[in-house]
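J.: Take a look at structure.csv, CSV, C-alpha atoms and all ligand atoms:
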```csv
chain,number,residue,atom,x,y,z
A,1020,ARG,CA,70.1,137.7,-114.2
A,1021,LYS,CA,66.3,137.2,-113.8
A,1022,ARG,CA,63.9,139.4,-115.6
A,1023,ILE,CA,60.6,139.4,-113.7
A,1024,GLY,CA,57.2,140.6,-115.1
A,1025,ILE,CA,54.7,141.8,-112.5
A,1026,MET,CA,51.0,142.1,-113.0
A,1027,THR,CA,47.7,142.3,-111.1
A,1028,SER,CA,44.6,140.6,-112.5
A,1029,GLY,CA,40.9,139.9,-111.8
A,1030,GLY,CA,39.1,141.6,-109.0
A,1031,ASP,CA,41.2,144.2,-107.2
A,1032,ALA,CA,42.1,143.9,-103.5
A,1033,GLN,CA,43.7,146.1,-100.9
A,1034,GLY,CA,47.3,145.2,-100.6
A,1035,MET,CA,47.9,144.4,-104.2
A,1036,ASN,CA,50.0,147.6,-104.5
A,1037,ALA,CA,52.0,146.7,-101.5
A,1038,ALA,CA,52.8,143.4,-103.1
A,1039,VAL,CA,53.9,145.0,-106.4
A,1040,ARG,CA,56.1,147.4,-104.5
A,1041,ALA,CA,57.7,144.6,-102.5
A,1042,ILE,CA,58.4,142.5,-105.6
A,1043,VAL,CA,60.0,145.5,-107.4
A,1044,ARG,CA,62.1,146.5,-104.4
A,1045,MET,CA,63.2,143.0,-103.6
A,1046,ALA,CA,63.9,142.1,-107.3
A,1047,LEU,CA,66.1,145.2,-107.7
A,1048,PHE,CA,67.8,144.5,-104.4
A,1049,ARG,CA,68.6,141.0,-105.6
A,1050,ASP,CA,69.9,142.3,-108.9
A,1051,CYS,CA,67.0,141.2,-111.0
A,1052,GLU,CA,65.4,143.4,-113.7
A,1053,CYS,CA,61.7,143.9,-113.4
A,1054,PHE,CA,58.8,145.0,-115.6
A,1055,LEU,CA,55.4,146.4,-114.7
A,1056,ILE,CA,52.7,145.0,-116.8
A,1057,TYR,CA,49.7,147.3,-116.9
A,1058,ASP,CA,46.0,146.3,-116.9
A,1059,GLY,CA,46.3,142.6,-116.3
A,1060,TYR,CA,46.3,140.1,-119.2
A,1061,ASN,CA,45.0,142.9,-121.5
A,1062,GLY,CA,48.4,144.6,-121.0
A,1063,LEU,CA,50.3,141.4,-121.7
A,1064,ILE,CA,48.4,140.9,-124.9
A,1065,SER,CA,48.7,144.6,-126.0
A,1066,GLY,CA,52.5,144.8,-125.2
A,1067,GLY,CA,54.1,148.1,-126.2
A,1068,ASN,CA,53.8,150.7,-123.5
A,1069,LYS,CA,51.8,148.4,-121.3
A,1070,ILE,CA,55.0,146.5,-120.4
A,1071,VAL,CA,57.5,149.0,-118.8
A,1072,LYS,CA,60.8,148.4,-117.1
A,1073,ALA,CA,60.5,149.4,-113.5
A,1074,LYS,CA,62.8,151.5,-111.4
A,1075,ARG,CA,62.7,151.7,-107.6
A,1076,GLU,CA,60.9,155.0,-107.5
A,1077,ASP,CA,58.1,153.8,-109.8
A,1078,VAL,CA,56.5,152.1,-106.9
A,1079,SER,CA,57.0,154.9,-104.4
A,1080,GLY,CA,53.9,155.5,-102.3
A,1081,PHE,CA,52.3,152.2,-103.3
A,1082,LEU,CA,52.4,150.7,-99.8
A,1083,THR,CA,49.4,152.5,-98.4
A,1084,LEU,CA,47.2,152.7,-101.5
A,1085,GLY,CA,44.1,150.5,-102.0
A,1086,GLY,CA,43.1,149.1,-105.4
A,1087,THR,CA,45.8,148.5,-107.9
A,1088,VAL,CA,47.8,151.3,-109.4
A,1089,ILE,CA,49.1,149.2,-112.4
A,1090,GLY,CA,45.5,148.4,-113.2
A,1091,THR,CA,43.6,145.1,-113.5
A,1092,ALA,CA,41.2,143.6,-116.1
A,1093,ARG,CA,39.1,140.8,-117.0
A,1094,CYS,CA,40.4,139.7,-120.4
A,1095,ALA,CA,38.4,137.3,-122.6
A,1096,GLU,CA,41.2,137.0,-125.2
A,1097,PHE,CA,43.6,135.4,-122.6
A,1098,ARG,CA,41.1,132.6,-122.1
A,1099,GLU,CA,41.9,131.5,-125.7
A,1100,LYS,CA,45.1,129.8,-126.7
A,1101,SER,CA,45.6,132.3,-129.5
A,1102,GLY,CA,45.4,135.1,-127.0
A,1103,ARG,CA,47.9,133.5,-124.8
A,1104,GLN,CA,50.3,133.1,-127.8
A,1105,ILE,CA,50.3,136.8,-128.3
A,1106,ALA,CA,51.0,137.2,-124.6
A,1107,ALA,CA,53.9,134.7,-125.0
A,1108,LEU,CA,55.3,136.8,-127.9
A,1109,ASN,CA,55.2,140.0,-125.8
A,1110,ILE,CA,56.8,138.2,-122.9
A,1111,ILE,CA,59.7,137.0,-125.1
A,1112,LYS,CA,60.1,140.3,-126.8
A,1113,SER,CA,60.3,142.1,-123.4
A,1114,GLY,CA,62.9,139.5,-122.3
A,1115,ILE,CA,60.8,138.5,-119.3
A,1116,ASP,CA,61.6,135.0,-118.0
A,1117,SER,CA,59.5,134.9,-114.8
A,1118,LEU,CA,56.0,136.2,-114.3
A,1119,VAL,CA,54.4,137.1,-110.9
A,1120,VAL,CA,50.7,137.3,-111.1
A,1121,ILE,CA,48.7,138.8,-108.2
A,1122,GLY,CA,45.1,137.8,-108.6
A,1123,GLY,CA,42.4,135.3,-107.7
A,1124,ASP,CA,42.1,131.7,-108.7
A,1125,GLY,CA,40.9,132.6,-112.2
A,1126,SER,CA,44.0,134.7,-112.9
A,1127,LEU,CA,46.3,132.1,-111.5
A,1128,THR,CA,44.7,129.3,-113.5
A,1129,GLY,CA,45.3,131.4,-116.6
A,1130,ALA,CA,48.9,131.9,-115.8
A,1131,ASP,CA,49.4,128.2,-115.2
A,1132,ASN,CA,47.7,127.4,-118.5
A,1133,LEU,CA,50.2,129.8,-120.3
A,1134,ARG,CA,53.0,127.9,-118.7
A,1135,ALA,CA,51.7,124.5,-119.5
A,1136,GLU,CA,51.6,125.5,-123.2
A,1137,TRP,CA,54.8,127.4,-123.1
A,1138,HIS,CA,56.9,125.1,-125.3
A,1139,SER,CA,54.3,124.9,-128.0
A,1140,HIS,CA,54.0,128.7,-128.1
A,1141,VAL,CA,57.7,129.0,-128.4
A,1142,GLU,CA,57.8,126.5,-131.2
A,1143,ASP,CA,54.9,128.1,-133.1
A,1144,LEU,CA,56.4,131.5,-132.8
A,1145,LEU,CA,59.7,130.2,-134.0
A,1146,ASP,CA,58.1,128.4,-137.0
A,1147,ALA,CA,56.2,131.6,-137.8
A,1148,GLY,CA,59.4,133.6,-137.8
A,1149,LYS,CA,58.2,135.9,-135.1
A,1150,ILE,CA,61.1,135.1,-132.8
A,1151,SER,CA,64.7,134.1,-133.5
A,1152,LYS,CA,66.4,130.8,-132.6
A,1153,GLU,CA,68.3,132.7,-129.9
A,1154,GLU,CA,65.1,134.0,-128.4
A,1155,ALA,CA,63.6,130.6,-128.4
A,1156,VAL,CA,66.6,129.1,-126.6
A,1157,ALA,CA,66.8,131.9,-124.1
A,1158,HIS,CA,63.0,131.5,-123.3
A,1159,ASP,CA,62.8,127.7,-123.1
A,1160,ASN,CA,61.0,128.2,-119.7
A,1161,LEU,CA,58.6,130.7,-118.1
A,1162,MET,CA,58.6,130.6,-114.3
A,1163,ILE,CA,55.2,131.5,-112.8
A,1164,VAL,CA,54.6,132.6,-109.3
A,1165,GLY,CA,51.2,133.6,-108.0
A,1166,LEU,CA,50.2,135.8,-105.1
A,1167,VAL,CA,46.6,135.5,-104.1
A,1168,GLY,CA,44.9,138.9,-104.2
A,1169,SER,CA,41.3,138.3,-103.1
A,1170,ILE,CA,39.1,139.9,-100.4
A,1171,ASP,CA,37.2,136.6,-100.2
A,1172,ASN,CA,39.9,134.6,-98.6
A,1173,ASP,CA,38.8,131.8,-100.9
A,1174,LEU,CA,41.9,129.9,-101.8
A,1175,ALA,CA,42.8,126.6,-100.3
A,1176,THR,CA,46.3,126.0,-98.9
A,1177,THR,CA,46.7,129.5,-97.5
A,1178,ASP,CA,45.4,130.9,-94.3
A,1179,ILE,CA,44.8,134.3,-95.7
A,1180,THR,CA,44.7,136.1,-99.1
A,1181,ILE,CA,45.8,139.6,-99.8
A,1182,GLY,CA,42.9,142.0,-99.2
A,1183,ALA,CA,40.8,139.8,-96.9
A,1184,TYR,CA,41.9,141.4,-93.6
A,1185,SER,CA,41.3,144.9,-95.0
A,1186,ALA,CA,37.8,144.0,-96.3
A,1187,LEU,CA,37.0,142.5,-92.9
A,1188,ALA,CA,38.1,145.7,-91.2
A,1189,ARG,CA,35.9,147.7,-93.5
A,1190,ILE,CA,32.9,145.4,-92.8
A,1191,CYS,CA,33.4,145.7,-89.1
A,1192,GLU,CA,33.6,149.5,-89.2
A,1193,ALA,CA,30.4,149.6,-91.3
A,1194,ILE,CA,28.6,147.3,-89.0
A,1195,ASP,CA,29.8,149.1,-85.9
A,1196,ALA,CA,28.3,152.2,-87.4
A,1197,LEU,CA,25.0,150.5,-88.1
A,1198,GLN,CA,24.8,149.1,-84.6
A,1199,ILE,CA,24.7,152.6,-83.2
A,1200,THR,CA,21.7,153.5,-85.1
A,1201,ALA,CA,20.1,150.1,-84.6
A,1202,PHE,CA,20.5,150.5,-80.9
A,1203,SER,CA,18.7,153.9,-80.8
A,1204,HIS,CA,15.7,152.5,-82.7
A,1205,HIS,CA,15.8,148.9,-81.4
A,1206,ARG,CA,16.1,147.8,-85.0
A,1207,ALA,CA,17.2,144.7,-86.6
A,1208,PHE,CA,19.8,144.9,-89.4
A,1209,VAL,CA,20.4,142.3,-92.1
A,1210,VAL,CA,23.8,142.9,-93.7
A,1211,GLU,CA,25.0,141.2,-96.9
A,1212,VAL,CA,28.7,140.9,-97.2
A,1213,MET,CA,30.9,139.8,-100.1
A,1214,GLY,CA,32.8,136.5,-100.4
A,1215,ARG,CA,31.4,134.8,-103.5
A,1216,ASN,CA,31.1,131.1,-102.5
A,1217,CYS,CA,33.3,131.5,-99.5
A,1218,GLY,CA,31.9,132.4,-96.1
A,1219,TRP,CA,35.1,133.6,-94.4
A,1220,LEU,CA,34.3,137.3,-94.5
A,1221,ALA,CA,30.7,136.7,-93.3
A,1222,LEU,CA,31.7,134.3,-90.5
A,1223,SER,CA,34.7,136.4,-89.4
A,1224,ALA,CA,32.5,139.5,-89.4
A,1225,ALA,CA,29.9,137.8,-87.4
A,1226,ILE,CA,32.4,136.9,-84.7
A,1227,CYS,CA,34.0,140.3,-84.7
A,1228,THR,CA,30.7,142.2,-84.4
A,1229,GLY,CA,28.8,139.8,-82.2
A,1230,ALA,CA,26.1,139.0,-84.7
A,1231,ASP,CA,23.0,137.0,-83.7
A,1232,TYR,CA,22.9,134.9,-86.8
A,1233,VAL,CA,25.1,134.3,-89.8
A,1234,PHE,CA,24.5,132.5,-93.1
A,1235,ILE,CA,27.5,131.1,-95.0
A,1236,PRO,CA,27.7,128.8,-98.1
A,1237,GLU,CA,29.7,126.1,-96.5
A,1238,ASP,CA,27.3,125.5,-93.6
A,1239,PRO,CA,23.7,126.2,-94.5
A,1240,PRO,CA,21.0,126.0,-91.9
A,1241,LYS,CA,19.8,122.4,-91.6
A,1242,GLY,CA,16.3,121.3,-92.1
A,1243,LYS,CA,13.1,123.0,-93.1
A,1244,ASP,CA,12.5,124.7,-89.8
A,1245,TRP,CA,15.5,126.9,-89.8
A,1246,GLU,CA,13.4,130.0,-90.1
A,1247,SER,CA,11.6,129.2,-86.9
A,1248,ARG,CA,14.8,128.4,-85.1
A,1249,MET,CA,16.3,131.7,-86.2
A,1250,CYS,CA,13.2,133.6,-85.0
A,1251,LEU,CA,13.3,131.8,-81.6
A,1252,ALA,CA,17.0,132.7,-81.2
A,1253,LEU,CA,16.4,136.3,-82.0
A,1254,GLN,CA,13.4,136.5,-79.7
A,1255,ASN,CA,15.3,134.9,-76.9
A,1256,SER,CA,18.1,137.4,-77.3
A,1257,ARG,CA,15.6,140.3,-77.2
A,1258,ALA,CA,14.0,138.8,-74.1
A,1259,ALA,CA,17.4,138.6,-72.5
A,1260,GLY,CA,17.6,142.4,-72.9
A,1261,LYS,CA,19.4,142.9,-76.2
A,1262,LYS,CA,18.1,146.0,-77.9
A,1263,THR,CA,19.2,145.2,-81.5
A,1264,SER,CA,19.5,142.2,-83.8
A,1265,LEU,CA,22.2,141.7,-86.3
A,1266,ILE,CA,22.1,139.0,-89.1
A,1267,ILE,CA,24.9,138.7,-91.5
A,1268,VAL,CA,24.4,137.0,-94.9
A,1269,ALA,CA,27.2,135.9,-97.1
A,1270,GLU,CA,26.5,136.8,-100.8
A,1271,GLY,CA,26.8,133.1,-101.7
A,1272,ALA,CA,24.6,131.8,-98.8
A,1273,SER,CA,22.0,129.2,-99.5
A,1274,ASP,CA,19.8,126.7,-97.7
A,1275,SER,CA,20.7,123.0,-97.6
A,1276,GLU,CA,18.9,122.6,-100.9
A,1277,LEU,CA,21.1,125.3,-102.5
A,1278,ASN,CA,18.3,127.8,-102.8
A,1279,PRO,CA,19.9,131.2,-102.3
A,1280,ILE,CA,19.3,133.0,-99.0
A,1281,LYS,CA,19.0,136.7,-99.6
A,1282,ALA,CA,19.0,139.6,-97.2
A,1283,ASP,CA,15.6,140.7,-98.4
A,1284,TYR,CA,14.1,137.3,-97.6
A,1285,ILE,CA,15.5,137.5,-94.0
A,1286,GLU,CA,14.1,141.0,-93.7
A,1287,SER,CA,10.6,139.8,-94.6
A,1288,ILE,CA,10.8,137.0,-92.0
A,1289,LEU,CA,11.8,139.4,-89.3
A,1290,THR,CA,9.2,142.0,-90.3
A,1291,ASN,CA,6.3,139.6,-90.7
A,1292,ARG,CA,6.9,137.0,-88.1
A,1293,LEU,CA,8.7,139.0,-85.4
A,1294,LYS,CA,7.4,142.5,-86.2
A,1295,PHE,CA,10.9,143.8,-85.9
A,1296,ASP,CA,11.7,147.1,-87.4
A,1297,THR,CA,14.2,145.7,-89.9
A,1298,ARG,CA,16.6,147.3,-92.4
A,1299,VAL,CA,18.8,145.7,-95.1
A,1300,THR,CA,22.3,147.0,-95.8
A,1301,ILE,CA,24.2,145.5,-98.7
A,1302,LEU,CA,27.8,146.7,-98.2
A,1303,GLY,CA,28.9,146.2,-101.8
A,1304,HIS,CA,32.1,147.7,-103.1
A,1305,VAL,CA,33.0,149.7,-100.1
A,1306,GLN,CA,34.4,146.4,-98.8
A,1307,ARG,CA,37.1,146.5,-101.5
A,1308,GLY,CA,37.8,150.2,-101.0
A,1309,GLY,CA,40.1,152.2,-98.8
A,1310,SER,CA,43.7,151.6,-97.9
A,1311,PRO,CA,45.0,148.3,-96.8
A,1312,THR,CA,45.2,147.7,-93.1
A,1313,PHE,CA,48.6,146.9,-91.5
A,1314,LYS,CA,48.0,143.2,-91.9
A,1315,ASP,CA,47.6,143.3,-95.6
A,1316,ARG,CA,50.7,145.6,-95.9
A,1317,LEU,CA,52.6,143.1,-93.9
A,1318,VAL,CA,51.4,139.9,-95.6
A,1319,ALA,CA,51.7,141.4,-99.1
A,1320,THR,CA,55.2,142.7,-98.4
A,1321,LEU,CA,56.5,139.4,-96.9
A,1322,GLN,CA,54.9,137.5,-99.8
A,1323,GLY,CA,56.3,139.8,-102.4
A,1324,ALA,CA,59.8,139.3,-101.0
A,1325,GLU,CA,59.3,135.5,-101.0
A,1326,ALA,CA,58.0,135.6,-104.6
A,1327,VAL,CA,61.4,136.9,-105.7
A,1328,GLU,CA,63.3,134.4,-103.6
A,1329,ALA,CA,61.2,131.6,-105.0
A,1330,ILE,CA,62.1,132.8,-108.6
A,1331,LEU,CA,65.8,132.9,-107.7
A,1332,ARG,CA,65.6,129.4,-106.2
A,1333,ALA,CA,63.7,127.9,-109.2
A,1334,ASP,CA,65.0,125.8,-112.1
A,1335,ALA,CA,63.3,124.4,-115.2
A,1336,THR,CA,61.8,121.6,-113.1
A,1337,THR,CA,60.2,123.8,-110.5
A,1338,PRO,CA,56.4,123.8,-110.9
A,1339,SER,CA,54.4,127.1,-110.9
A,1340,LEU,CA,54.2,128.3,-107.3
A,1341,ILE,CA,51.7,130.0,-105.2
A,1342,ILE,CA,52.9,132.1,-102.2
A,1343,GLY,CA,50.7,131.8,-99.2
A,1344,VAL,CA,50.7,131.8,-95.4
A,1345,LEU,CA,50.3,128.7,-93.2
A,1346,ASN,CA,50.6,128.7,-89.4
A,1347,ASN,CA,52.1,132.2,-89.6
A,1348,LYS,CA,54.9,131.2,-92.0
A,1349,ILE,CA,55.2,132.4,-95.6
A,1350,THR,CA,54.9,129.4,-97.9
A,1351,ALA,CA,55.7,128.6,-101.6
A,1352,GLN,CA,53.6,125.6,-102.8
A,1353,PRO,CA,52.7,124.2,-106.2
A,1354,LEU,CA,50.0,126.3,-107.7
A,1355,LYS,CA,48.2,123.4,-109.4
A,1356,SER,CA,47.3,121.6,-106.2
A,1357,ALA,CA,46.1,124.8,-104.6
A,1358,ILE,CA,43.8,125.5,-107.5
A,1359,LYS,CA,42.7,121.9,-107.6
A,1360,LEU,CA,41.8,121.8,-103.9
A,1361,THR,CA,39.9,125.1,-104.2
A,1362,LYS,CA,37.9,123.8,-107.1
A,1363,GLU,CA,37.2,120.6,-105.3
A,1364,LEU,CA,35.8,122.6,-102.4
A,1365,THR,CA,33.4,124.5,-104.6
A,1366,ALA,CA,32.3,121.2,-106.2
A,1367,GLU,CA,31.6,119.7,-102.8
A,1368,ILE,CA,29.2,122.6,-102.0
A,1369,ALA,CA,27.5,122.2,-105.4
A,1370,LYS,CA,27.0,118.5,-104.5
A,1371,LYS,CA,25.6,119.5,-101.1
A,1372,ASN,CA,28.5,117.7,-99.3
A,1373,PHE,CA,28.7,120.6,-96.8
A,1374,ASP,CA,30.6,118.6,-94.1
A,1375,LYS,CA,33.3,117.8,-96.6
A,1376,ALA,CA,33.4,121.5,-97.8
A,1377,VAL,CA,33.9,122.7,-94.2
A,1378,LYS,CA,36.7,120.1,-93.7
A,1379,LEU,CA,38.4,121.3,-96.9
A,1380,ARG,CA,38.0,124.9,-95.8
A,1381,SER,CA,39.8,124.1,-92.5
A,1382,THR,CA,43.0,125.7,-93.7
A,1383,THR,CA,41.1,129.0,-93.8
A,1384,PHE,CA,38.8,128.6,-90.9
A,1385,THR,CA,39.5,128.5,-87.3
A,1386,LYS,CA,38.0,125.2,-86.2
A,1401,LIG,P1,40.1,136.3,-110.4
A,1401,LIG,O1,41.5,136.2,-110.8
A,1401,LIG,O2,39.8,137.4,-109.4
A,1401,LIG,O3,39.5,134.9,-109.9
A,1401,LIG,P2,38.7,136.0,-113.0
A,1401,LIG,O4,38.2,134.6,-112.7
A,1401,LIG,O5,37.7,136.9,-113.6
A,1401,LIG,O6,39.2,136.7,-111.6
A,1401,LIG,O7,40.0,135.9,-113.9
A,1401,LIG,C1,40.7,137.1,-114.3
A,1401,LIG,C2,41.2,136.9,-115.7
A,1401,LIG,O8,42.1,135.7,-115.7
A,1401,LIG,C3,40.2,136.5,-116.8
A,1401,LIG,O9,39.5,137.6,-117.3
A,1401,LIG,C4,41.0,135.8,-117.8
A,1401,LIG,O10,41.7,136.8,-118.6
A,1401,LIG,C5,42.0,135.1,-117.0
A,1401,LIG,N1,41.5,133.7,-116.7
A,1401,LIG,C6,40.7,133.2,-115.8
A,1401,LIG,N2,40.5,131.9,-115.9
A,1401,LIG,C7,41.3,131.5,-117.0
A,1401,LIG,C8,41.5,130.2,-117.6
A,1401,LIG,N3,40.9,129.1,-117.2
A,1401,LIG,N4,42.4,130.2,-118.7
A,1401,LIG,C9,43.0,131.3,-119.1
A,1401,LIG,N5,42.8,132.5,-118.5
A,1401,LIG,C10,41.9,132.6,-117.5
```
Give the structure from the file, written as C-alpha cells.
T.:
Amino acid sequence: RKRIGIMTSGGDAQGMNAAVRAIVRMALFRDCECFLIYDGYNGLISGGNKIVKAKREDVSGFLTLGGTVIGTARCAEFREKSGRQIAALNIIKSGIDSLVVIGGDGSLTGADNLRAEWHSHVEDLLDAGKISKEEAVAHDNLMIVGLVGSIDNDLATTDITIGAYSALARICEAIDALQITAFSHHRAFVVEVMGRNCGWLALSAAICTGADYVFIPEDPPKGKDWESRMCLALQNSRAAGKKTSLIIVAEGASDSELNPIKADYIESILTNRLKFDTRVTILGHVQRGGSPTFKDRLVATLQGAEAVEAILRADATTPSLIIGVLNNKITAQPLKSAIKLTKELTAEIAKKNFDKAVKLRSTTFTK
C-alpha cells in the first residue's frame, strides 16, 4: 500500500488546488494513503502538524480555488543537504514512500536532489540512531513525481504548465478592458506581463488581443534600428485607421545585446517620437489571482490522476518523473531531462543564441 505525500512549492499558480484534490481522490480510490504537507519544504522540515493524513473531504471545494490552500513557501534550509536530511527524517517518520511535488523547476530540482541523496540520508539517520533498522529497510527508496505548477509555461518537455492558461485568461481580460479606454482616447498602451525568462504568456497574449508589437526574451528585436521599425509599424497601423496601439512586453524581454526592454522605455519612445498619448500598465500579481479556468482544472485533474498511476507503476529503478502534456496526451517523463533541457534553454538565451532557444522552446510554442 503506497503512502503518498503531496505538497505545493515555489510560486503559486491557479490549478494547484485542483491537482492536490485529484491526487488525494485518486490515491484514496486506488487504495493508497495520502498526506498533505503544508507550506512547501518548510512543512517537510518542520514535520509535526504540517504533515497530515488526508481524508476525501479534506480537499472538498478545492477544484475551483486559485492559489494553494495547503500553502507554499520558498525555503532556504531545503537548499542545504542538512535541511534535506531533516525532511528525510520527517518523511520516514510519517511513513511516506512517494512524494508528489507541485511546483516550478526550482521545487522539482530540490525534490530530485533529495532523491539523489536518499540512501545517504537513510544511512546517516540510521547511524545516528534516529530511525530503526526496520524503518531504514522500509524506506530504501523515495519515489518522486513532479507536477509543474507555473503560470509562466516555462518548462521544456510539456506543452503546458498548471496555471498558464488561467494567467493568460486574466491577461486577456485585463487587456480587453484597457482596449476600451484606449479606444475612446486614441491612446497607446504598453502592457508588461509576467513570465520570467519565458515569453509564452506575452506572445500568447499578443496573439489573443491583437497587439501591434510584442517583446519576448527568446526572440529579441534584431539590429539597432528596432525602435524605428516599431515606430513605423505603429504609424502605419494608425494610418490604416486603427485608433489604438497595444504593445506587450514580457517581464524578461531584452534587446539582442541582453539589455532589458522595459515598458517605461517603450512609453518614452511612443511619447517622444510618435507623440502618442501613452500609458503603461504593469499587470503584476493579478495574473496569478482568481480561480483557475476550465483548462487548468482539466489539466491539473488529469495530471493528478496520472501522478498516482505513475507511482503505482513505479519500482526502485524508476527515475523521478514529471507529469506533462504533449500533443494533448498526459505524459510521465524523467524529471532530470526535463529540468536539464529547461536550463539549457535559459543558458542559450544568456549566450545570445536566440535561434537555438526558440528551437528548444518549440515544445511550448506553436511554430
Ligand atoms: P519554483 O519552484 O517556482 O521554481 P523556486 O525556484 O523559488 O520556485 O524554488 C522553490 C523552493 O524549492 C526553494 O525555496 C527551495 O526550498 C527549493 N529549491 C529550489 N532549488 C533547489 C535546489 N537546487 N536544491 C534544493 N532545493 C531547491
J.: Please identify all polymer residues within 12 Å of Ile1181 (chain A), counting all atoms listed in the file, omitting same-chain residues fewer than 4 positions from it, and present them as a count of residues only.
T.: 47
J.: If we count all atoms listed in the file, what is near Ala1230 (chain A) at a cut-off of 12 Å, once residues fewer than 3 positions away on the same chain are taken out, given as a list in words?
T.: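 The residues satisfying every condition are Cys1191, Ile1194, Asp1195, Gln1198, Ala1207, Phe1208, Val1209, Val1210, Ala1221, Leu1222, Ser1223, Ala1224, Ala1225, Ile1226, Cys1227, Val1233, Phe1234, Ala1252, Leu1253, Ser1256, Lys1261, Thr1263, Ser1264, Leu1265, Ile1266, Ile1267 and Val1268 of chain A.
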J.: What separation in Å, quoted to one decimal, exists between CA of Leu1145 (chain A) and CA of Ile1070 (chain A)?
T.: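 Distance between the two atoms: 21.7 Å.
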J.: Once you count only C-alpha atoms and all ligand atoms, which residues end up within 8 Å of ligand LIG 1401 (chain A), and could you hand them over as a PyMOL selection string?
T.: chain A and resi 1028-1031+1059-1061+1092-1099+1103+1122-1130+1132-1133+1168-1169
J.: So that I have them on file, write out the residues from the current selection with C-alpha atoms, as a compact mmCIF listing (two decimals), keeping the file's coordinate frame.
T.:
```
# COMPACT_ATOMS: atom_id res chain seq x y z
CA SER A 1028 44.60 140.60 -112.50
CA GLY A 1029 40.90 139.90 -111.80
CA GLY A 1030 39.10 141.60 -109.00
CA ASP A 1031 41.20 144.20 -107.20
CA GLY A 1059 46.30 142.60 -116.30
CA TYR A 1060 46.30 140.10 -119.20
CA ASN A 1061 45.00 142.90 -121.50
CA ALA A 1092 41.20 143.60 -116.10
CA ARG A 1093 39.10 140.80 -117.00
CA CYS A 1094 40.40 139.70 -120.40
CA ALA A 1095 38.40 137.30 -122.60
CA GLU A 1096 41.20 137.00 -125.20
CA PHE A 1097 43.60 135.40 -122.60
CA ARG A 1098 41.10 132.60 -122.10
CA GLU A 1099 41.90 131.50 -125.70
CA ARG A 1103 47.90 133.50 -124.80
CA GLY A 1122 45.10 137.80 -108.60
CA GLY A 1123 42.40 135.30 -107.70
CA ASP A 1124 42.10 131.70 -108.70
CA GLY A 1125 40.90 132.60 -112.20
CA SER A 1126 44.00 134.70 -112.90
CA LEU A 1127 46.30 132.10 -111.50
CA THR A 1128 44.70 129.30 -113.50
CA GLY A 1129 45.30 131.40 -116.60
CA ALA A 1130 48.90 131.90 -115.80
CA ASN A 1132 47.70 127.40 -118.50
CA LEU A 1133 50.20 129.80 -120.30
CA GLY A 1168 44.90 138.90 -104.20
CA SER A 1169 41.30 138.30 -103.10
```
J.: Nearest to Asn1291 (chain A): which of A:Gly1066, A:Leu1108, A:Cys1250, A:Ala1259 is it, counting all atoms listed in the file?
T.: A:Cys1250
J.: Using Å and a single decimal, report how far CA of Ile1025 (chain A) sits from CA of Phe1054 (chain A).
T.: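 Between CA of Phe1054 (chain A) and CA of Ile1025 (chain A) the gap is 6.1 Å.
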J.: Give the answer as one residue: which of A:Gly1062, A:Val1305, A:Ser1310, A:Lys1378 has the shortest atom-to-atom distance to Ala1193 (chain A), using all atoms listed in the file?
T.: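 When distances to Ala1193 (chain A) are compared using all atoms listed in the file, the smallest one comes from A:Val1305.
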J.: Using Å and a single decimal, report how far CA of Ser1065 (chain A) sits from CA of Ala1106 (chain A).
T.: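 That distance, rounded to one decimal, is 7.9 Å.
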J.: Residues near Cys1051 (chain A), anyone? I mean within 6 Å using only C-alpha atoms, not counting same-chain ones fewer than 5 positions away, as a list in words.
T.: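 What passes the distance filter is Arg1020, Lys1021, Arg1022 and Ala1046 of chain A.
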J.: Would you pick out the contacts of Ala1357 (chain A) at 9 Å or less, using only C-alpha atoms, so that residues sharing its chain but fewer than 4 positions from it are not included, and give the list as a PyMOL selection string?
T.: chain A and resi 1124+1174-1177+1341+1352-1353+1361-1362
J.: Write to file, as a CSV table (one decimal), keeping the file's coordinate frame, the residues of the selection just made, with C-alpha atoms.
T.:
```csv
chain,number,residue,atom,x,y,z
A,1124,ASP,CA,42.1,131.7,-108.7
A,1174,LEU,CA,41.9,129.9,-101.8
A,1175,ALA,CA,42.8,126.6,-100.3
A,1176,THR,CA,46.3,126.0,-98.9
A,1177,THR,CA,46.7,129.5,-97.5
A,1341,ILE,CA,51.7,130.0,-105.2
A,1352,GLN,CA,53.6,125.6,-102.8
A,1353,PRO,CA,52.7,124.2,-106.2
A,1361,THR,CA,39.9,125.1,-104.2
A,1362,LYS,CA,37.9,123.8,-107.1
```
J.: For each of A:Ala1351, A:Leu1118, A:Ile1199, A:Ser1101, take the minimum atom-to-atom distance to Leu1144 (chain A), counting only C-alpha atoms, then give the residue where this is smallest.
T.: A:Ser1101
J.: Between A:Leu1277, A:Cys1053, A:Ile1349, A:Ser1203, which is the closest to Asp1296 (chain A) once you count only C-alpha atoms?
T.: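 Of all the options, A:Ser1203 lies closest to Asp1296 (chain A).
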J.: Between A:Glu1136, A:Leu1161, A:Arg1044, A:Val1299, single out the one closest to Ala1201 (chain A), counting all atoms listed in the file.
T.: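 Distance minimum relative to Ala1201 (chain A) lands on A:Val1299.
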J.: So which residues are close to (62.3, 130.8, -122.1), meaning at most 10 Å away in the file's coordinates with only C-alpha atoms counted, and can you show them as a list in words?
T.: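 So the residues meeting the distance criterion are Ala1107, Ile1110, Ile1111, Gly1114, Ile1115, Asp1116, Ser1117, Trp1137, His1138, Val1141, Glu1154, Ala1155, Val1156, Ala1157, His1158, Asp1159, Asn1160, Leu1161, Met1162 and Ala1335 of chain A.
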J.: Looking at all atoms listed in the file, which of A:Ile1235, A:Ala1188, A:Val1119, A:Val1327 is the one that sits closest to Pro1279 (chain A)?
T.: A:Ile1235
J.: Find the spatial neighbours of Val1078 (chain A), counting all atoms listed in the file, within a cut-off of 8 Å - ignore same-chain residues fewer than 3 positions away - and output them as a PyMOL selection string.
T.: chain A and resi 1039-1040+1043+1074-1075+1081
J.: Save out the residues we just selected, C-alpha atoms, as a compact mmCIF listing (two decimals), in the frame of the given file.
T.:
```
# COMPACT_ATOMS: atom_id res chain seq x y z
CA VAL A 1039 53.90 145.00 -106.40
CA ARG A 1040 56.10 147.40 -104.50
CA VAL A 1043 60.00 145.50 -107.40
CA LYS A 1074 62.80 151.50 -111.40
CA ARG A 1075 62.70 151.70 -107.60
CA PHE A 1081 52.30 152.20 -103.30
```
